[in-house]
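I have placed the structure first, in the form of structure tokens, so that the comments after it can refer back to it.
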Amino acid sequence: MRNLSLLIRAVLLTAFLSVSAAAQTTTISGALTPTVEAGGWLIVDQNQKYLILNAGKFSGEAWFRNGMRVTATGEMKRDAVTIYQEGIPFEAATMAPAQNSGSTRRMTLVTVSGDARLSVEPDTAMVTISVVTQNPSAIEAQQGNASRTTAVITAVKAAAGAGAEIKTSGYALIPQRVYKQNEPPTISGYEARNSVNVTLADLTRVGPVIDAAAKAGANNIDGVSFSLRQDQNARGRALAESTRAAMAKATTLAQTLGGRVVRIVSVSEGGTTPRPVIYAQQDSFARTASVETPIESGTLDITAFVQLTAEIEVPM
């Protein structure tokens with residue numbers, strides 16, 4: 001009886017271990033896909049990824065390649081730690097191409113780009129105004145310029161309003177040299193130049209600022225430019241449109257090949273901050289007091305560019 005009892009226990013233990021082992025064995029099917037981890041491979045089944053811990057065991061097989069659909073049996077190793085933790089860790093005991101060759105598909109990569117251009121109204125104007133004086137004496141040229149520049153700044157502040165920003169952008173006192181053959185150059189006089197930048201949020205004040213500066217003694221305008229200071233929303237819209245354009249191209253390519261976009265592998269974006277619209281002008285201000293300076297701000301172009309690489313699944 002004792003021997004019979006021991007035999008029964010051995011049979012039950014063997015059966016229990018067999019059931020436990022069977023319960024831990026899992027069968028998965030999907031497409032082989034390289035991972036971001038060097039030498040790593042996944043089995044991708046729709047939206048689920050399984051990280052093959054022992055891919056080297058099968059990588060020498062002729063069928064082991066990107067996009068091949070396989071069936072594998074093995075164990076989930078959820079406690080395994082990898083560098084990127086991409087997918088559920090899986091140790092395969094067996095692996096072979098899927099039996100239904102008619103549904104075998106492969107993965108391929110396509111790189112597409114999209115761009116967008118938006119026209120927006122500027123919200124900021126910058127006017128650069130200069131006072132230029134000349135005199136045989138350096139100090140006379142400097143002091144004359146200082147007096148006239150002070151008057152110009154006072155007039156510009158009144159015309160620009162409280163929200164304007166006025167700052168000096170350049171100052172120079174330059175000797176005027178006379179050159180004669182076989183003689184050293186001589187200084188005939190001096191030119192003083194004082195330039196100020198006037199930044200305006202109210203674009204309707206650009207013309208009045210120029211006119212006020214002219215009446216107060218400014219005798220040169222280096223240019224008027226328009227820009228978009230608050231450009232985040234416009235840049236976001238341009239980026240969204242360029243991304244949609246790129247995705248549409250990837251989808252069209254996949255559908256034309258009889259497949260679908262599986263995932264986006266990488267995305268890079270580029271764009272341009274709206275370039276200021278510059279109206280260069282060297283103006284002597286020889287205009288009558290009754291004529292106002294007309295200024296049209298126009299529009300600015302904001303562009304965005306996106307390049308993305310998509311993984312698409314297509315028939316073999």
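By order of appearance in the structure tokens: chains A, B, ..., then residues from 1 within every chain, and ligands from 1 in the order shown.
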
I want to know what sits within 6 Å of range 206-210 of chain A, based on only C-alpha atoms, with residues of the same chain fewer than 5 positions away left out; could you give that as a ChimeraX atom specification?
/A:156,159-160,293-295

For those residues, write C-alpha atoms to a file as a CSV table (one decimal), in the first residue's frame.
```csv
chain,number,residue,atom,x,y,z
A,156,VAL,CA,8.1,111.5,-32.2
A,159,ALA,CA,3.0,111.4,-32.3
A,160,ALA,CA,3.7,107.8,-31.3
A,293,THR,CA,2.8,110.1,-45.5
A,294,PRO,CA,0.7,107.1,-46.6
A,295,ILE,CA,1.9,103.7,-45.1
```

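Omitting range 307-313 of chain A and its sequence neighbours fewer than 2 positions away, and counting only C-alpha atoms, the residues within 7 Å are Arg105, Arg106, Met107, Thr108, Leu109, Val110, Thr111, Val112, Ser113, Gly114, Ala246, Ala250, Ala254, Gly259, Arg260, Val261, Val262, Arg263, Ile264, Val265, Ser266, Val267, Ser268, Glu269 and Phe305 of chain A.
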
So which residues touch Ser119 in chain A within 7 Å, counting only C-alpha atoms, skipping near sequence neighbours fewer than 2 positions away, as a PyMOL selection string?
chain A and resi 117+299-302

Please, could you write that set of residues out with N, CA and C atoms as a PDB file, in the first residue's frame?
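See out-v2.pdb below for the written result:
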```pdb
ATOM      1  N   ARG A 117       1.734  77.522 -45.632  1.00  0.00           N
ATOM      2  CA  ARG A 117       2.034  78.953 -45.647  1.00  0.00           C
ATOM      3  C   ARG A 117       0.774  79.720 -45.267  1.00  0.00           C
ATOM      4  N   THR A 299       0.672  92.190 -45.602  1.00  0.00           N
ATOM      5  CA  THR A 299       0.589  90.960 -44.819  1.00  0.00           C
ATOM      6  C   THR A 299       1.959  90.297 -44.731  1.00  0.00           C
ATOM      7  N   LEU A 300       2.085  89.400 -43.759  1.00  0.00           N
ATOM      8  CA  LEU A 300       3.308  88.625 -43.563  1.00  0.00           C
ATOM      9  C   LEU A 300       3.036  87.159 -43.869  1.00  0.00           C
ATOM     10  N   ASP A 301       4.049  86.449 -44.332  1.00  0.00           N
ATOM     11  CA  ASP A 301       3.933  85.018 -44.594  1.00  0.00           C
ATOM     12  C   ASP A 301       4.616  84.234 -43.487  1.00  0.00           C
ATOM     13  N   ILE A 302       3.891  83.286 -42.897  1.00  0.00           N
ATOM     14  CA  ILE A 302       4.464  82.355 -41.930  1.00  0.00           C
ATOM     15  C   ILE A 302       4.457  80.977 -42.569  1.00  0.00           C
TER      16      ILE A 302
END
```

Would you mind listing what lies within 7 Å of Thr27 in chain A as number ranges by chain, with only C-alpha atoms counted and same-chain residues fewer than 4 positions away left out?
A: 72-74

Would you please extract all strand (DSSP E or B) residues from range 33-157 of chain A, as assigned by DSSP on the backbone, and give them as a PyMOL selection string?
chain A and resi 33-34+41-45+48-52+69-76+88-97+105-120+124-135

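Take the candidates A:Gly170, A:Gly163, A:Pro315, A:Gly236 and check each one against Leu257 in chain A using only C-alpha atoms; the shortest distance goes to A:Pro315.
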
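The residue that comes closest to Thr256 in chain A, out of A:Val314, A:Thr168, A:Ile88, A:Thr133 and on the basis of only C-alpha atoms, is A:Val314.
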
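Interatomic distance, CA of Leu53 in chain A against CA of Glu86 in chain A: 11.2 Å.
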
Determine, counting only C-alpha atoms, which protein, DNA and RNA residues have an atom within 8 Å of an atom of Gly30 in chain A; residues of the same chain fewer than 5 positions away are not included. Present the result as JSON, numbers by chain.
{"A": [43, 44, 45, 46, 69, 70, 71]}

At most 12 Å is the cut-off: for each residue in range 58-146 of chain A with any atom that close to an atom of range 215-225 of chain A, write down the nearest atom pair and the distance in Å rounded to one decimal, counting only C-alpha atoms, chain first then increasing number, as a Markdown table.
```
| residue | atom | partner | partner_atom | distance |
| --- | --- | --- | --- | --- |
| A:Pro122 | CA | A:Ser225 | CA | 9.8 |
| A:Asp123 | CA | A:Ser225 | CA | 11.0 |
| A:Thr124 | CA | A:Ser225 | CA | 8.4 |
| A:Ala125 | CA | A:Ser225 | CA | 5.7 |
| A:Met126 | CA | A:Ser225 | CA | 5.2 |
| A:Val127 | CA | A:Val224 | CA | 4.6 |
| A:Thr128 | CA | A:Asp222 | CA | 5.4 |
| A:Ile129 | CA | A:Ile221 | CA | 4.5 |
| A:Ser130 | CA | A:Asn220 | CA | 5.0 |
| A:Val131 | CA | A:Ala218 | CA | 4.8 |
| A:Val132 | CA | A:Asn219 | CA | 6.5 |
| A:Thr133 | CA | A:Asn219 | CA | 8.9 |
| A:Gln134 | CA | A:Asn219 | CA | 11.9 |
| A:Gly144 | CA | A:Gly217 | CA | 10.8 |
| A:Asn145 | CA | A:Gly217 | CA | 9.5 |
| A:Ala146 | CA | A:Gly217 | CA | 11.0 |
```

Would you mind exporting the chosen residues as a PDB file, in the first residue's frame, restricted to C-alpha atoms?
```
ATOM      1  CA  PRO A 122       1.382  92.316 -38.780  1.00  0.00           C
ATOM      2  CA  ASP A 123       0.934  93.727 -35.291  1.00  0.00           C
ATOM      3  CA  THR A 124       4.143  95.745 -34.914  1.00  0.00           C
ATOM      4  CA  ALA A 125       5.884  98.460 -36.931  1.00  0.00           C
ATOM      5  CA  MET A 126       9.422  99.803 -36.589  1.00  0.00           C
ATOM      6  CA  VAL A 127      10.543 103.119 -38.028  1.00  0.00           C
ATOM      7  CA  THR A 128      14.219 104.091 -38.072  1.00  0.00           C
ATOM      8  CA  ILE A 129      14.744 107.842 -38.175  1.00  0.00           C
ATOM      9  CA  SER A 130      18.058 109.682 -38.376  1.00  0.00           C
ATOM     10  CA  VAL A 131      19.291 113.204 -37.898  1.00  0.00           C
ATOM     11  CA  VAL A 132      22.381 114.047 -39.969  1.00  0.00           C
ATOM     12  CA  THR A 133      24.342 117.276 -39.493  1.00  0.00           C
ATOM     13  CA  GLN A 134      27.571 118.540 -41.042  1.00  0.00           C
ATOM     14  CA  GLY A 144      23.882 120.852 -33.701  1.00  0.00           C
ATOM     15  CA  ASN A 145      22.932 117.240 -34.097  1.00  0.00           C
ATOM     16  CA  ALA A 146      22.132 116.865 -30.390  1.00  0.00           C
TER      17      ALA A 146
END
```

Please provide the set of residues having any atom within 12 Å of Ile52 in chain A, restricted to only C-alpha atoms, with same-chain residues fewer than 6 positions apart removed, written as a VMD selection string.
chain A and resid 28 30 to 35 37 39 to 44 58 to 59 72 to 78 80 82 85 to 95

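Each of A:Ser169, A:Gln230, A:Gly298, A:Arg244 was checked against Ser195 in chain A using only C-alpha atoms; the smallest atom-to-atom distance is that of A:Ser169.
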
Quick check for you: according to DSSP on this backbone, which residues of range 70-264 of chain A are classed as helix (DSSP H, G or I)? Reply as JSON, numbers by chain.
{"A": [101, 102, 103, 138, 139, 140, 141, 142, 143, 144, 145, 146, 147, 148, 149, 150, 151, 152, 153, 154, 155, 156, 157, 158, 159, 160, 203, 204, 205, 206, 207, 208, 209, 210, 211, 212, 213, 214, 215, 216, 232, 233, 234, 235, 236, 237, 238, 239, 240, 241, 242, 243, 244, 245, 246, 247, 248, 249, 250, 251, 252, 253, 254, 255, 256]}

Those same residues - C-alpha atoms - I'd like them written as a tab-separated table (two decimals), in the first residue's frame.
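Saved result, result-v5.tsv, follows:
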```tsv
chain	number	residue	atom	x	y	z
A	101	SER	CA	1.00	32.87	-46.36
A	102	GLY	CA	-1.81	34.58	-48.21
A	103	SER	CA	-2.08	37.13	-45.41
A	138	ALA	CA	33.45	118.51	-34.87
A	139	ILE	CA	31.91	120.04	-31.76
A	140	GLU	CA	29.56	122.21	-33.83
A	141	ALA	CA	28.41	119.18	-35.85
A	142	GLN	CA	27.89	117.21	-32.62
A	143	GLN	CA	26.04	119.94	-30.73
A	144	GLY	CA	23.88	120.85	-33.70
A	145	ASN	CA	22.93	117.24	-34.10
A	146	ALA	CA	22.13	116.86	-30.39
A	147	SER	CA	19.79	119.86	-30.46
A	148	ARG	CA	17.90	118.68	-33.52
A	149	THR	CA	17.72	115.05	-32.29
A	150	THR	CA	16.22	116.17	-28.98
A	151	ALA	CA	13.50	118.05	-30.85
A	152	VAL	CA	12.85	115.04	-33.09
A	153	ILE	CA	12.52	112.63	-30.16
A	154	THR	CA	10.11	114.98	-28.38
A	155	ALA	CA	7.93	115.25	-31.50
A	156	VAL	CA	8.06	111.51	-32.16
A	157	LYS	CA	7.02	110.66	-28.59
A	158	ALA	CA	3.98	112.91	-28.91
A	159	ALA	CA	2.97	111.41	-32.27
A	160	ALA	CA	3.68	107.77	-31.32
A	203	LEU	CA	0.13	100.79	-37.09
A	204	THR	CA	-2.04	103.80	-37.90
A	205	ARG	CA	0.55	106.05	-36.23
A	206	VAL	CA	3.43	105.16	-38.57
A	207	GLY	CA	2.71	107.94	-41.07
A	208	PRO	CA	2.13	110.61	-38.41
A	209	VAL	CA	5.39	109.62	-36.66
A	210	ILE	CA	7.34	110.10	-39.89
A	211	ASP	CA	5.69	113.46	-40.55
A	212	ALA	CA	6.29	114.68	-36.99
A	213	ALA	CA	9.95	113.67	-37.19
A	214	ALA	CA	10.39	115.53	-40.48
A	215	LYS	CA	8.83	118.72	-39.12
A	216	ALA	CA	11.04	118.57	-36.02
A	232	GLN	CA	2.63	81.61	-31.45
A	233	ASN	CA	-0.94	80.95	-32.63
A	234	ALA	CA	-0.12	81.55	-36.29
A	235	ARG	CA	2.97	79.32	-36.14
A	236	GLY	CA	0.92	76.61	-34.42
A	237	ARG	CA	-1.70	76.69	-37.18
A	238	ALA	CA	0.98	76.51	-39.87
A	239	LEU	CA	2.67	73.57	-38.11
A	240	ALA	CA	-0.63	71.71	-37.76
A	241	GLU	CA	-1.43	72.19	-41.45
A	242	SER	CA	2.00	71.00	-42.57
A	243	THR	CA	1.71	67.92	-40.33
A	244	ARG	CA	-1.70	67.06	-41.76
A	245	ALA	CA	-0.29	67.45	-45.27
A	246	ALA	CA	2.57	65.06	-44.49
A	247	MET	CA	0.24	62.51	-42.90
A	248	ALA	CA	-2.08	62.69	-45.91
A	249	LYS	CA	0.85	61.84	-48.19
A	250	ALA	CA	1.87	58.88	-46.03
A	251	THR	CA	-1.70	57.58	-45.95
A	252	THR	CA	-2.07	57.96	-49.71
A	253	LEU	CA	1.16	56.04	-50.32
A	254	ALA	CA	0.10	53.24	-47.97
A	255	GLN	CA	-3.38	52.94	-49.51
A	256	THR	CA	-1.98	52.98	-53.04
```

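Atom pair CA of Asp231 in chain A / CA of Gly161 in chain A has a distance of 23.6 Å (rounded to one decimal).
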
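Among the candidates A:Ala62, A:Leu228, A:Ile174, A:Ile187, the one nearest to Leu200 in chain A when counting only C-alpha atoms is A:Leu228.
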